[in-house]
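Chemist: File follows, data-v2.csv with CSV, C-alpha atoms and all ligand atoms:
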```csv
chain,number,residue,atom,x,y,z
A,1,MET,CA,15.1,-12.6,-20.0
A,2,SER,CA,12.4,-11.2,-22.2
A,3,LYS,CA,10.8,-8.0,-21.1
A,4,THR,CA,7.8,-8.7,-23.3
A,5,TRP,CA,6.7,-11.8,-21.4
A,6,ARG,CA,3.3,-11.6,-19.8
A,7,PRO,CA,3.0,-11.8,-16.0
A,8,ALA,CA,2.2,-15.6,-15.8
A,9,THR,CA,5.4,-16.3,-17.8
A,10,GLN,CA,7.5,-13.9,-15.9
A,11,LEU,CA,6.4,-15.5,-12.6
A,12,VAL,CA,7.6,-18.9,-13.7
A,13,HIS,CA,10.8,-17.9,-15.6
A,14,GLY,CA,11.7,-14.3,-14.7
A,15,GLY,CA,15.1,-13.8,-13.0
A,16,THR,CA,16.2,-17.5,-13.2
A,17,LEU,CA,19.9,-18.0,-12.7
A,18,ARG,CA,20.9,-21.5,-13.5
A,19,SER,CA,24.1,-23.0,-12.0
A,20,GLN,CA,26.5,-25.2,-13.9
A,21,TYR,CA,24.2,-28.2,-13.1
A,22,SER,CA,21.3,-26.7,-15.2
A,23,GLU,CA,18.7,-27.5,-12.5
A,24,THR,CA,15.0,-27.1,-13.4
A,25,SER,CA,14.0,-25.8,-10.0
A,26,GLU,CA,15.9,-22.8,-8.7
A,27,ALA,CA,18.9,-23.6,-6.5
A,28,ILE,CA,19.0,-22.6,-2.9
A,29,TYR,CA,22.3,-21.0,-2.0
A,30,LEU,CA,22.4,-21.3,1.7
A,31,THR,CA,25.7,-19.4,2.3
A,32,GLN,CA,26.6,-16.5,4.5
A,33,GLY,CA,29.7,-15.5,2.5
A,34,PHE,CA,31.6,-15.9,-0.7
A,35,VAL,CA,35.2,-16.7,-1.5
A,36,TYR,CA,37.6,-14.9,-3.8
A,37,ASP,CA,40.3,-16.3,-6.1
A,38,SER,CA,42.9,-13.8,-4.7
A,39,ALA,CA,43.3,-10.9,-2.3
A,40,GLU,CA,43.3,-8.7,-5.3
A,41,ALA,CA,40.0,-10.1,-6.4
A,42,ALA,CA,38.5,-9.4,-2.9
A,43,GLU,CA,39.8,-5.9,-3.0
A,44,ALA,CA,38.3,-5.3,-6.5
A,45,ARG,CA,35.0,-6.7,-5.4
A,46,PHE,CA,34.9,-4.4,-2.4
A,47,LYS,CA,35.8,-1.4,-4.5
A,48,GLY,CA,32.9,-2.3,-6.8
A,49,GLU,CA,35.2,-2.8,-9.8
A,50,THR,CA,34.0,-6.4,-10.4
A,51,GLU,CA,30.5,-7.8,-10.3
A,52,GLY,CA,29.7,-10.4,-7.6
A,53,TYR,CA,28.4,-11.1,-4.2
A,54,ILE,CA,30.2,-10.0,-1.0
A,55,TYR,CA,28.1,-11.1,2.0
A,56,ALA,CA,24.5,-12.5,2.2
A,57,ARG,CA,23.3,-9.5,4.2
A,58,TYR,CA,24.0,-7.5,1.1
A,59,GLY,CA,22.7,-9.9,-1.5
A,60,SER,CA,22.9,-13.6,-2.6
A,61,PRO,CA,22.0,-15.7,-5.7
A,62,THR,CA,18.6,-17.1,-4.6
A,63,ASN,CA,17.5,-13.8,-3.2
A,64,ASP,CA,18.7,-12.2,-6.5
A,65,MET,CA,16.4,-14.5,-8.5
A,66,PHE,CA,13.4,-13.6,-6.2
A,67,GLU,CA,14.2,-9.9,-6.5
A,68,LYS,CA,14.6,-10.0,-10.3
A,69,ARG,CA,11.4,-12.0,-10.7
A,70,MET,CA,9.6,-9.4,-8.6
A,71,CYS,CA,11.1,-6.6,-10.7
A,72,ALA,CA,9.9,-8.2,-13.9
A,73,MET,CA,6.4,-8.5,-12.5
A,74,GLU,CA,6.2,-5.1,-11.0
A,75,GLY,CA,8.0,-3.1,-13.7
A,76,ALA,CA,10.6,-2.0,-11.2
A,77,GLU,CA,14.4,-1.5,-11.8
A,78,GLU,CA,15.5,-2.7,-8.4
A,79,ALA,CA,14.2,-4.8,-5.5
A,80,ARG,CA,15.5,-5.7,-2.1
A,81,ALA,CA,14.1,-8.8,-0.3
A,82,THR,CA,13.5,-8.5,3.4
A,83,ALA,CA,12.8,-10.9,6.3
A,84,SER,CA,9.2,-9.8,6.7
A,85,GLY,CA,6.7,-7.4,5.3
A,86,MET,CA,7.2,-5.1,8.3
A,87,ALA,CA,11.0,-5.1,7.7
A,88,ALA,CA,10.1,-3.9,4.1
A,89,VAL,CA,7.7,-1.2,5.3
A,90,ALA,CA,10.0,0.1,8.0
A,91,ALA,CA,13.0,0.2,5.7
A,92,ALA,CA,11.2,1.8,2.8
A,93,ILE,CA,9.9,4.6,5.0
A,94,LEU,CA,12.8,5.2,7.4
A,95,CYS,CA,15.7,4.9,4.9
A,96,GLN,CA,14.6,8.2,3.3
A,97,VAL,CA,13.7,10.4,6.2
A,98,LYS,CA,15.6,12.3,9.0
A,99,ALA,CA,14.7,14.3,12.0
A,100,GLY,CA,12.7,17.3,11.0
A,101,ASP,CA,11.0,15.6,8.0
A,102,HIS,CA,7.3,15.0,7.8
A,103,ILE,CA,5.3,11.9,6.6
A,104,VAL,CA,1.7,12.0,5.5
A,105,ALA,CA,0.0,8.6,5.8
A,106,ALA,CA,-3.5,7.2,5.4
A,107,ARG,CA,-5.0,6.5,8.8
A,108,ALA,CA,-6.4,3.2,7.5
A,109,LEU,CA,-3.3,1.1,7.8
A,110,PHE,CA,-2.4,-2.4,9.0
A,111,GLY,CA,-1.7,-2.0,12.8
A,112,SER,CA,2.1,-2.4,12.7
A,113,CYS,CA,2.4,-0.1,9.7
A,114,ARG,CA,0.4,2.5,11.6
A,115,TRP,CA,2.7,2.1,14.6
A,116,VAL,CA,5.8,2.7,12.5
A,117,VAL,CA,4.6,6.1,11.2
A,118,GLU,CA,2.5,7.2,14.2
A,119,THR,CA,4.6,6.0,17.1
A,120,LEU,CA,8.1,5.0,16.0
A,121,ALA,CA,8.9,7.8,13.5
A,122,PRO,CA,8.1,10.6,16.0
A,123,LYS,CA,10.6,9.2,18.5
A,124,TYR,CA,13.3,10.1,16.0
A,125,GLY,CA,11.9,13.6,15.4
A,126,ILE,CA,10.0,12.7,12.2
A,127,GLU,CA,6.6,14.2,12.2
A,128,CYS,CA,3.5,12.3,10.9
A,129,THR,CA,0.0,13.4,9.9
A,130,LEU,CA,-2.6,10.7,9.5
A,131,VAL,CA,-5.4,11.5,7.0
A,132,ASP,CA,-8.6,9.9,5.8
A,133,GLY,CA,-6.9,8.7,2.6
A,134,ARG,CA,-10.1,8.3,0.6
A,135,TYR,CA,-10.2,12.0,-0.2
A,136,LEU,CA,-7.4,13.6,-2.2
A,137,GLU,CA,-8.0,17.0,-0.6
A,138,ASN,CA,-7.0,15.6,2.8
A,139,TRP,CA,-3.6,14.6,1.4
A,140,GLU,CA,-3.2,18.0,-0.1
A,141,LYS,CA,-4.2,19.8,3.1
A,142,ALA,CA,-1.7,17.8,5.1
A,143,ILE,CA,1.3,18.8,3.0
A,144,ARG,CA,4.0,20.9,4.8
A,145,PRO,CA,7.3,22.3,3.4
A,146,ASN,CA,9.1,19.4,5.1
A,147,THR,CA,6.9,16.6,3.7
A,148,LYS,CA,9.1,13.9,2.3
A,149,VAL,CA,6.9,10.7,2.2
A,150,PHE,CA,3.3,9.8,1.5
A,151,PHE,CA,2.4,6.3,2.7
A,152,LEU,CA,-0.7,4.3,2.0
A,153,GLU,CA,-2.2,0.8,1.4
A,154,SER,CA,-5.0,0.2,-1.0
A,155,PRO,CA,-7.3,-1.6,-0.6
A,156,THR,CA,-6.9,-1.1,3.2
A,157,ASN,CA,-6.9,-3.7,6.0
A,158,PRO,CA,-9.5,-4.6,7.0
A,159,THR,CA,-12.4,-2.5,5.6
A,160,LEU,CA,-11.2,-2.4,2.0
A,161,GLU,CA,-11.2,1.3,1.5
A,162,VAL,CA,-9.5,2.5,-1.7
A,163,VAL,CA,-7.0,5.3,-2.1
A,164,ASP,CA,-6.5,7.1,-5.5
A,165,ILE,CA,-2.9,6.1,-6.0
A,166,ALA,CA,-2.3,8.1,-9.2
A,167,GLY,CA,-3.8,11.2,-7.4
A,168,VAL,CA,-1.6,10.8,-4.3
A,169,ALA,CA,1.5,10.1,-6.4
A,170,LYS,CA,0.8,13.3,-8.5
A,171,LEU,CA,0.6,15.4,-5.3
A,172,ALA,CA,3.8,13.8,-4.0
A,173,ASN,CA,5.6,14.7,-7.2
A,174,GLN,CA,4.4,18.3,-7.0
A,175,VAL,CA,6.2,18.7,-3.7
A,176,GLY,CA,9.2,16.5,-4.3
A,177,ALA,CA,8.0,13.8,-1.9
A,178,LYS,CA,7.9,10.0,-2.6
A,179,ALA,CA,4.7,8.0,-2.6
A,180,VAL,CA,5.2,4.6,-0.9
A,181,VAL,CA,2.4,2.0,-1.6
A,182,ASP,CA,1.9,-1.1,0.5
A,183,ASN,CA,0.3,-3.3,-2.3
A,184,VAL,CA,-0.4,-6.4,-0.2
A,185,PHE,CA,-4.2,-6.4,-0.5
A,186,ALA,CA,-4.3,-5.8,-4.3
A,187,THR,CA,-1.4,-8.2,-5.1
A,188,PRO,CA,0.9,-7.5,-8.1
A,189,ILE,CA,-1.7,-9.3,-10.3
A,190,PHE,CA,-4.4,-6.6,-9.8
A,191,GLN,CA,-2.6,-3.4,-9.2
A,192,LYS,CA,0.7,-1.8,-10.4
A,193,PRO,CA,1.4,1.2,-8.2
A,194,LEU,CA,4.6,2.1,-10.2
A,195,GLU,CA,2.6,2.4,-13.4
A,196,LEU,CA,0.2,4.6,-11.5
A,197,GLY,CA,3.0,7.0,-10.7
A,198,ALA,CA,4.0,5.8,-7.2
A,199,HIS,CA,7.7,5.7,-6.4
A,200,ILE,CA,8.1,2.8,-4.1
A,201,VAL,CA,6.1,-0.4,-3.7
A,202,VAL,CA,6.3,-2.7,-0.7
A,203,TYR,CA,4.9,-6.2,-0.1
A,204,SER,CA,4.5,-8.5,2.8
A,205,ALA,CA,5.5,-11.6,0.7
A,206,THR,CA,4.1,-13.6,3.6
A,207,LYS,CA,0.7,-13.1,2.1
A,208,HIS,CA,-0.3,-14.0,-1.5
A,209,ILE,CA,3.3,-14.4,-2.7
A,210,ASP,CA,4.0,-17.3,-0.4
A,211,GLY,CA,0.3,-18.0,-0.2
A,212,GLN,CA,0.9,-21.4,1.5
A,213,GLY,CA,1.5,-20.5,5.1
A,214,ARG,CA,5.2,-21.3,5.1
A,215,SER,CA,7.4,-18.2,5.2
A,216,LEU,CA,7.6,-14.6,6.4
A,217,GLY,CA,9.0,-12.3,3.8
A,218,GLY,CA,8.9,-8.9,2.3
A,219,VAL,CA,10.2,-6.9,-0.7
A,220,ILE,CA,10.8,-3.2,-1.6
A,221,LEU,CA,10.7,-2.2,-5.3
A,222,SER,CA,11.7,1.1,-6.9
A,223,ASP,CA,14.1,2.6,-9.4
A,224,THR,CA,17.9,2.3,-9.3
A,225,GLU,CA,18.4,6.0,-8.4
A,226,TRP,CA,16.2,5.9,-5.3
A,227,VAL,CA,17.7,2.5,-4.1
A,228,ASN,CA,21.2,3.8,-4.5
A,229,GLU,CA,20.5,7.1,-2.8
A,230,HIS,CA,18.4,5.9,0.1
A,231,LEU,CA,17.9,2.2,0.5
A,232,GLN,CA,21.3,0.6,-0.3
A,233,ASP,CA,23.2,1.6,2.8
A,234,TYR,CA,20.2,1.3,5.1
A,235,TYR,CA,19.6,-2.2,3.9
A,236,ARG,CA,23.2,-3.3,4.0
A,237,HIS,CA,24.0,-1.9,7.5
A,238,THR,CA,20.7,-2.5,9.4
A,239,GLY,CA,20.3,-6.1,8.2
A,240,PRO,CA,16.7,-6.8,7.3
A,241,ALA,CA,17.8,-9.3,4.6
A,242,MET,CA,15.7,-12.3,3.7
A,243,SER,CA,17.0,-15.8,4.3
A,244,PRO,CA,17.9,-17.6,1.0
A,245,PHE,CA,15.7,-20.5,2.0
A,246,THR,CA,12.7,-18.1,2.3
A,247,ALA,CA,13.6,-16.6,-1.2
A,248,TRP,CA,13.4,-20.1,-2.6
A,249,THR,CA,9.9,-20.8,-1.1
A,250,LEU,CA,8.8,-17.4,-2.4
A,251,LEU,CA,10.1,-18.2,-5.9
A,252,LYS,CA,7.9,-21.3,-5.8
A,253,GLY,CA,5.0,-19.2,-4.6
A,254,LEU,CA,5.4,-16.8,-7.4
A,255,GLU,CA,5.1,-19.6,-10.0
A,256,THR,CA,1.5,-20.3,-8.9
A,257,LEU,CA,0.5,-16.7,-7.8
A,258,PRO,CA,-1.8,-15.9,-10.8
A,259,LEU,CA,-3.6,-19.3,-10.5
A,260,ARG,CA,-4.2,-18.9,-6.8
A,261,VAL,CA,-5.2,-15.3,-6.9
A,262,LYS,CA,-7.7,-16.0,-9.7
A,263,GLN,CA,-9.4,-18.8,-7.7
A,264,GLN,CA,-9.3,-16.8,-4.5
A,265,THR,CA,-10.8,-13.8,-6.2
A,266,GLU,CA,-13.5,-15.9,-7.8
A,267,ASN,CA,-14.3,-17.4,-4.4
A,268,ALA,CA,-14.3,-14.0,-2.6
A,269,GLY,CA,-16.6,-12.4,-5.2
A,270,LYS,CA,-19.1,-15.3,-5.0
A,271,ILE,CA,-19.1,-15.4,-1.2
A,272,ALA,CA,-19.5,-11.6,-1.1
A,273,ASP,CA,-22.6,-11.8,-3.4
A,274,PHE,CA,-24.0,-14.7,-1.3
A,275,LEU,CA,-23.4,-12.9,2.1
A,276,ALA,CA,-24.9,-9.6,0.8
A,277,GLU,CA,-28.3,-11.4,0.5
A,278,GLN,CA,-28.3,-13.0,4.0
A,279,LYS,CA,-30.5,-11.6,6.8
A,280,GLN,CA,-27.8,-11.8,9.4
A,281,VAL,CA,-25.5,-9.5,7.4
A,282,ALA,CA,-25.7,-5.7,7.6
A,283,LYS,CA,-23.1,-4.9,5.0
A,284,VAL,CA,-20.6,-6.5,2.7
A,285,ILE,CA,-17.6,-4.5,1.4
A,286,TYR,CA,-15.9,-6.0,-1.6
A,287,PRO,CA,-13.9,-4.0,-4.2
A,288,GLY,CA,-15.3,-6.2,-7.0
A,289,ARG,CA,-18.9,-5.3,-6.3
A,290,LYS,CA,-20.8,-2.3,-7.8
A,291,ASP,CA,-21.9,-1.2,-4.4
A,292,HIS,CA,-18.3,-0.7,-3.2
A,293,PRO,CA,-18.3,3.0,-2.0
A,294,GLN,CA,-15.4,3.8,-4.3
A,295,ALA,CA,-16.2,1.6,-7.2
A,296,ASP,CA,-15.1,4.3,-9.6
A,297,ILE,CA,-11.5,4.4,-8.2
A,298,VAL,CA,-11.5,0.5,-8.1
A,299,ALA,CA,-12.3,0.5,-11.9
A,300,LYS,CA,-9.6,3.1,-12.6
A,301,GLN,CA,-6.7,1.4,-10.8
A,302,MET,CA,-7.4,-2.3,-10.2
A,303,LYS,CA,-7.6,-5.1,-12.7
A,304,GLY,CA,-9.6,-7.3,-10.4
A,305,GLY,CA,-11.6,-7.3,-7.2
A,306,SER,CA,-9.7,-8.7,-4.2
A,307,THR,CA,-9.2,-11.9,-2.4
A,308,LEU,CA,-10.6,-10.3,0.8
A,309,VAL,CA,-14.1,-9.5,1.9
A,310,ALA,CA,-15.2,-7.3,4.8
A,311,ILE,CA,-18.5,-8.4,6.4
A,312,GLU,CA,-20.5,-6.6,9.0
A,313,LEU,CA,-22.9,-8.7,11.0
A,314,LYS,CA,-26.0,-7.3,12.5
A,315,GLY,CA,-25.5,-9.1,15.8
A,316,GLY,CA,-22.2,-7.4,16.7
A,317,LYS,CA,-19.4,-9.2,18.5
A,318,GLU,CA,-21.6,-12.1,19.6
A,319,ALA,CA,-22.6,-12.8,16.0
A,320,ALA,CA,-19.0,-12.3,14.7
A,321,PHE,CA,-17.6,-14.8,17.3
A,322,ALA,CA,-20.5,-17.3,16.7
A,323,LEU,CA,-19.9,-17.2,12.9
A,324,GLN,CA,-16.2,-17.8,13.2
A,325,ASN,CA,-16.7,-20.6,15.7
A,326,ALA,CA,-19.4,-22.3,13.5
A,327,LEU,CA,-17.3,-22.3,10.3
A,328,GLU,CA,-15.8,-25.7,9.5
A,329,ILE,CA,-13.7,-25.2,6.4
A,330,VAL,CA,-12.8,-21.5,6.9
A,331,LYS,CA,-10.2,-21.3,9.7
A,332,ILE,CA,-9.9,-18.6,12.3
A,333,SER,CA,-6.6,-16.8,11.6
A,334,ASN,CA,-5.3,-13.2,11.3
A,335,ASN,CA,-3.1,-14.1,8.3
A,336,LEU,CA,-4.4,-13.6,4.8
A,337,GLY,CA,-3.7,-14.4,1.2
A,338,ASP,CA,-3.4,-18.1,2.0
A,339,ALA,CA,-4.6,-21.1,-0.1
A,340,LYS,CA,-6.8,-21.9,3.0
A,341,SER,CA,-9.8,-19.6,3.6
A,342,LEU,CA,-9.2,-17.6,6.8
A,343,ILE,CA,-11.4,-15.4,8.9
A,344,THR,CA,-10.6,-12.9,11.6
A,345,HIS,CA,-12.3,-10.4,13.9
A,346,PRO,CA,-10.2,-7.2,13.5
A,347,ALA,CA,-11.5,-5.4,16.6
A,348,THR,CA,-10.1,-8.1,18.9
A,349,THR,CA,-7.1,-9.1,16.9
A,350,THR,CA,-5.2,-7.1,14.2
A,351,HIS,CA,-6.7,-3.8,15.2
A,352,LYS,CA,-7.2,-4.4,19.0
A,353,ASN,CA,-4.5,-1.7,19.9
A,354,LEU,CA,-6.6,1.1,18.3
A,355,THR,CA,-9.0,3.1,20.5
A,356,ASP,CA,-12.7,2.5,20.0
A,357,GLU,CA,-12.8,5.9,18.3
A,358,ALA,CA,-10.0,5.1,15.8
A,359,ARG,CA,-11.7,1.8,15.0
A,360,ALA,CA,-15.0,3.5,14.4
A,361,GLU,CA,-13.3,6.0,12.1
A,362,LEU,CA,-12.0,3.1,10.0
A,363,GLY,CA,-15.4,1.4,9.9
A,364,ILE,CA,-14.4,-1.5,12.1
A,365,SER,CA,-17.4,-2.3,14.3
A,366,PRO,CA,-17.7,-5.1,16.8
A,367,GLY,CA,-19.6,-7.0,14.1
A,368,THR,CA,-16.9,-6.7,11.4
A,369,VAL,CA,-15.1,-9.8,10.3
A,370,ARG,CA,-12.5,-10.0,7.5
A,371,LEU,CA,-12.5,-13.0,5.2
A,372,SER,CA,-9.4,-14.0,3.2
A,373,ALA,CA,-10.8,-16.4,0.5
A,374,GLY,CA,-8.7,-19.5,-0.2
A,375,ILE,CA,-8.6,-21.7,-3.2
A,376,GLU,CA,-11.1,-24.3,-2.0
A,377,ASP,CA,-14.1,-25.3,-4.1
A,378,THR,CA,-16.5,-22.3,-4.2
A,379,ASP,CA,-19.6,-24.3,-3.4
A,380,ASP,CA,-18.1,-25.9,-0.3
A,381,LEU,CA,-17.2,-22.4,1.0
A,382,ILE,CA,-20.7,-21.0,0.4
A,383,GLU,CA,-22.2,-24.1,2.0
A,384,ASP,CA,-19.9,-23.6,5.0
A,385,PHE,CA,-21.1,-20.0,5.4
A,386,ALA,CA,-24.7,-21.0,5.0
A,387,GLN,CA,-24.5,-23.6,7.7
A,388,ALA,CA,-22.6,-21.3,10.0
A,389,LEU,CA,-25.0,-18.4,9.5
A,390,SER,CA,-28.0,-20.7,10.2
A,391,LYS,CA,-26.6,-20.9,13.8
A,392,ILE,CA,-26.7,-17.1,14.3
A,393,LYS,CA,-29.7,-15.1,15.3
A,394,ALA,CA,-30.7,-12.5,12.6
A,401,LIG,C1,-1.2,-4.5,4.7
A,401,LIG,C2,-0.1,-5.2,5.4
A,401,LIG,N1,1.1,-4.7,5.4
A,401,LIG,C3,2.2,-5.3,6.0
A,401,LIG,C4,2.0,-6.4,6.8
A,401,LIG,C5,3.2,-7.0,7.5
A,401,LIG,O1,3.7,-8.1,6.9
A,401,LIG,P1,4.5,-9.3,7.7
A,401,LIG,O2,3.6,-9.9,8.7
A,401,LIG,O3,5.0,-10.1,6.7
A,401,LIG,O4,5.6,-8.6,8.5
A,401,LIG,C6,0.7,-7.0,6.8
A,401,LIG,C7,0.6,-8.2,7.6
A,401,LIG,O5,-0.5,-8.6,7.9
A,401,LIG,C8,-0.3,-6.4,6.1
A,401,LIG,O6,-1.6,-6.9,6.2
```
Can you give me the file's structure in the form of structure tokens?
Modeler:
Amino acid sequence: MSKTWRPATQLVHGGTLRSQYSETSEAIYLTQGFVYDSAEAAEARFKGETEGYIYARYGSPTNDMFEKRMCAMEGAEEARATASGMAAVAAAILCQVKAGDHIVAARALFGSCRWVVETLAPKYGIECTLVDGRYLENWEKAIRPNTKVFFLESPTNPTLEVVDIAGVAKLANQVGAKAVVDNVFATPIFQKPLELGAHIVVYSATKHIDGQGRSLGGVILSDTEWVNEHLQDYYRHTGPAMSPFTAWTLLKGLETLPLRVKQQTENAGKIADFLAEQKQVAKVIYPGRKDHPQADIVAKQMKGGSTLVAIELKGGKEAAFALQNALEIVKISNNLGDAKSLITHPATTTHKNLTDEARAELGISPGTVRLSAGIEDTDDLIEDFAQALSKIKA
């Protein structure tokens, strides 16, 4: 495999492991276990004296291809594929902390991610401080002698706030902590947290990487030293491994990722510009627009806008529901990153478990909707929004 290949080439060819049949499309190895030529060979494999697979919970050939392709894309030394994005987030954080340690996390997190650090971790004696991650001084102020992990997503779900990844990673380095970045919203096409100094990157591969609504999956990427020291045993013995069938669908997803993300981003940008001019709309937040509150950080760390747009309607929940119900092409769904355009109302779905206060802190109002732009024709999507908005009182 050539390390000099550009991303689009890596995503088609990276990590390919052809069998003796020289298949074009990657093979699916749906097996739980592997057989050994002799008892001595089994012993040697278990001792780590010979290369090879042991059990699919530890690793398997189709998963290996997916992991290697992700490493090539991300510039990571090691990856571990997981059954869902949440399995990746939970493993990446919990594998490296113990009772008495402290986590600093941005408060603007996907609901389940926030639950892991805010509710689950403290049950095991791991303290957590949530900060407004937009300002570096908040991260710095939250540091304690026992801080081991910084956790953030950028842009955030759903209001597309941005965190200065290089700044947070630098602070983490200064105190010997590790910065874990959930890169789902940016995608590996637009943002490379490891290059920005972060130590660990996680994805819900369910989103753009599959991108066609088929599989749940996740992946954790980092360097060999960290994986060996922290993740390897956790991953092998708690069992979050991905199914090889899922790894195969995700390999297919990776092949078309740049094409889909390009079209989705073009659609998102044009829809954002259109909506910003409409009388029913109070505010549009889109990382690709000059009026994004943190446009300077976006320019510093992202190569492109985003496939997502946050829209605040003047008419509150009533208008948000009316818009969703009137759209014909855009479907109502809390998923994102799909080839199909999807819209959701965070206050009553993805972020319904937060208090009104916590939602307000994150800028989620009753009139906020989140659009995940699909790959449909741009004009059809804009016409769909135009006809749906015409049914809403300004
Ligand atoms: C930012 C972010 N992280 C993690 C996840 C969890 O991913 P999964 O649903 O694959 O477990 C999601 C899912 O919506 C997400 O939006």
Chemist: Could you please determine the separation between atom O4 of ligand LIG 401 (chain A) and atom CA of A:His199 in Å, to one decimal place?
Modeler: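 Between atom O4 of ligand LIG 401 (chain A) and atom CA of A:His199 the gap is 20.8 Å.
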Chemist: Just the residues within 10 Å of A:Asn183, please, counting only C-alpha atoms, with nothing from its chain fewer than 3 positions along; format it as a list in words.
Modeler: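 Once the adjacent positions are removed, what remains is Leu152, Glu153, Ser154, Pro155, Thr156, Val180, Ala186, Thr187, Pro188, Phe190, Gln191, Lys192, Pro193, Val201, Val202, Tyr203 and Ser204 of chain A.
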Chemist: Distance limit 10 Å, reference ligand LIG 401 (chain A), atoms considered: all atoms listed in the file. Which residues make the cut? Give them as an mmCIF file with C-alpha atoms, keeping the file's coordinate frame.
Modeler:
```cif
data_model
loop_
_atom_site.group_PDB
_atom_site.id
_atom_site.type_symbol
_atom_site.label_atom_id
_atom_site.label_comp_id
_atom_site.auth_asym_id
_atom_site.auth_seq_id
_atom_site.Cartn_x
_atom_site.Cartn_y
_atom_site.Cartn_z
ATOM 1 C CA THR A 82 13.500 -8.500 3.400
ATOM 2 C CA ALA A 83 12.800 -10.900 6.300
ATOM 3 C CA SER A 84 9.200 -9.800 6.700
ATOM 4 C CA GLY A 85 6.700 -7.400 5.300
ATOM 5 C CA MET A 86 7.200 -5.100 8.300
ATOM 6 C CA ALA A 87 11.000 -5.100 7.700
ATOM 7 C CA ALA A 88 10.100 -3.900 4.100
ATOM 8 C CA VAL A 89 7.700 -1.200 5.300
ATOM 9 C CA ALA A 90 10.000 0.100 8.000
ATOM 10 C CA ALA A 108 -6.400 3.200 7.500
ATOM 11 C CA LEU A 109 -3.300 1.100 7.800
ATOM 12 C CA PHE A 110 -2.400 -2.400 9.000
ATOM 13 C CA GLY A 111 -1.700 -2.000 12.800
ATOM 14 C CA SER A 112 2.100 -2.400 12.700
ATOM 15 C CA CYS A 113 2.400 -0.100 9.700
ATOM 16 C CA ARG A 114 0.400 2.500 11.600
ATOM 17 C CA LEU A 152 -0.700 4.300 2.000
ATOM 18 C CA GLU A 153 -2.200 0.800 1.400
ATOM 19 C CA SER A 154 -5.000 0.200 -1.000
ATOM 20 C CA PRO A 155 -7.300 -1.600 -0.600
ATOM 21 C CA THR A 156 -6.900 -1.100 3.200
ATOM 22 C CA ASN A 157 -6.900 -3.700 6.000
ATOM 23 C CA PRO A 158 -9.500 -4.600 7.000
ATOM 24 C CA VAL A 181 2.400 2.000 -1.600
ATOM 25 C CA ASP A 182 1.900 -1.100 0.500
ATOM 26 C CA ASN A 183 0.300 -3.300 -2.300
ATOM 27 C CA VAL A 184 -0.400 -6.400 -0.200
ATOM 28 C CA PHE A 185 -4.200 -6.400 -0.500
ATOM 29 C CA ALA A 186 -4.300 -5.800 -4.300
ATOM 30 C CA VAL A 202 6.300 -2.700 -0.700
ATOM 31 C CA TYR A 203 4.900 -6.200 -0.100
ATOM 32 C CA SER A 204 4.500 -8.500 2.800
ATOM 33 C CA ALA A 205 5.500 -11.600 0.700
ATOM 34 C CA THR A 206 4.100 -13.600 3.600
ATOM 35 C CA LYS A 207 0.700 -13.100 2.100
ATOM 36 C CA SER A 215 7.400 -18.200 5.200
ATOM 37 C CA LEU A 216 7.600 -14.600 6.400
ATOM 38 C CA GLY A 217 9.000 -12.300 3.800
ATOM 39 C CA GLY A 218 8.900 -8.900 2.300
ATOM 40 C CA VAL A 219 10.200 -6.900 -0.700
ATOM 41 C CA ASN A 334 -5.300 -13.200 11.300
ATOM 42 C CA ASN A 335 -3.100 -14.100 8.300
ATOM 43 C CA LEU A 336 -4.400 -13.600 4.800
ATOM 44 C CA GLY A 337 -3.700 -14.400 1.200
ATOM 45 C CA THR A 350 -5.200 -7.100 14.200
#
```
Chemist: Which of these residues is nearest to A:Glu266, using all atoms listed in the file: A:Gln280, A:Thr31, A:Thr307, A:Asn173?
Modeler: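 Counting all atoms listed in the file, the residue closest to A:Glu266 is A:Thr307.
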Chemist: Between atom CA of A:Thr349 and atom CA of A:Ala295, what is the distance in Å, rounded to a tenth?
Modeler: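 Answer for the atom CA of A:Thr349 to atom CA of A:Ala295 separation: 27.9 Å.
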Chemist: As a compact mmCIF listing (two decimals) with C-alpha atoms, keeping the file's coordinate frame, please: the residues near A:Ile54 (cut-off 8 Å, only C-alpha atoms, same-chain neighbours under 5 positions excluded).
Modeler:
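And here's out.txt as it stands now:
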```txt
# COMPACT_ATOMS: atom_id res chain seq x y z
CA GLY A 33 29.70 -15.50 2.50
CA PHE A 34 31.60 -15.90 -0.70
CA ARG A 45 35.00 -6.70 -5.40
CA PHE A 46 34.90 -4.40 -2.40
CA GLY A 59 22.70 -9.90 -1.50
```
Chemist: Need the shell around A:Ala72: protein/DNA/RNA residues with any atom at most 8 Å away, counting all atoms listed in the file. Skip same-chain ones fewer than 4 positions apart. Format as a CSV table (one decimal) with C-alpha atoms, in the coordinates of the input?
Modeler:
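Here's the written file result.csv:
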```
chain,number,residue,atom,x,y,z
A,3,LYS,CA,10.8,-8.0,-21.1
A,10,GLN,CA,7.5,-13.9,-15.9
A,14,GLY,CA,11.7,-14.3,-14.7
A,15,GLY,CA,15.1,-13.8,-13.0
A,68,LYS,CA,14.6,-10.0,-10.3
A,76,ALA,CA,10.6,-2.0,-11.2
```
Chemist: Select, from A:Asp296, A:Ile220, A:Val12, A:His230, the residue with the minimum atom-to-atom distance to A:Lys98, counting only C-alpha atoms.
Modeler: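 Selected residue with least distance to A:Lys98: A:His230.
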Chemist: At what distance in Å, to one decimal, does atom CA of A:Tyr53 lie from atom CA of A:Tyr29?
Modeler: 11.8 Å
Chemist: In terms of the shortest atom-to-atom distance over only C-alpha atoms, which of A:Leu94, A:Leu342, A:Ile103, A:Leu231 is closest to A:Trp139?
Modeler: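 Checking each candidate against A:Trp139, we get A:Ile103 as the closest.
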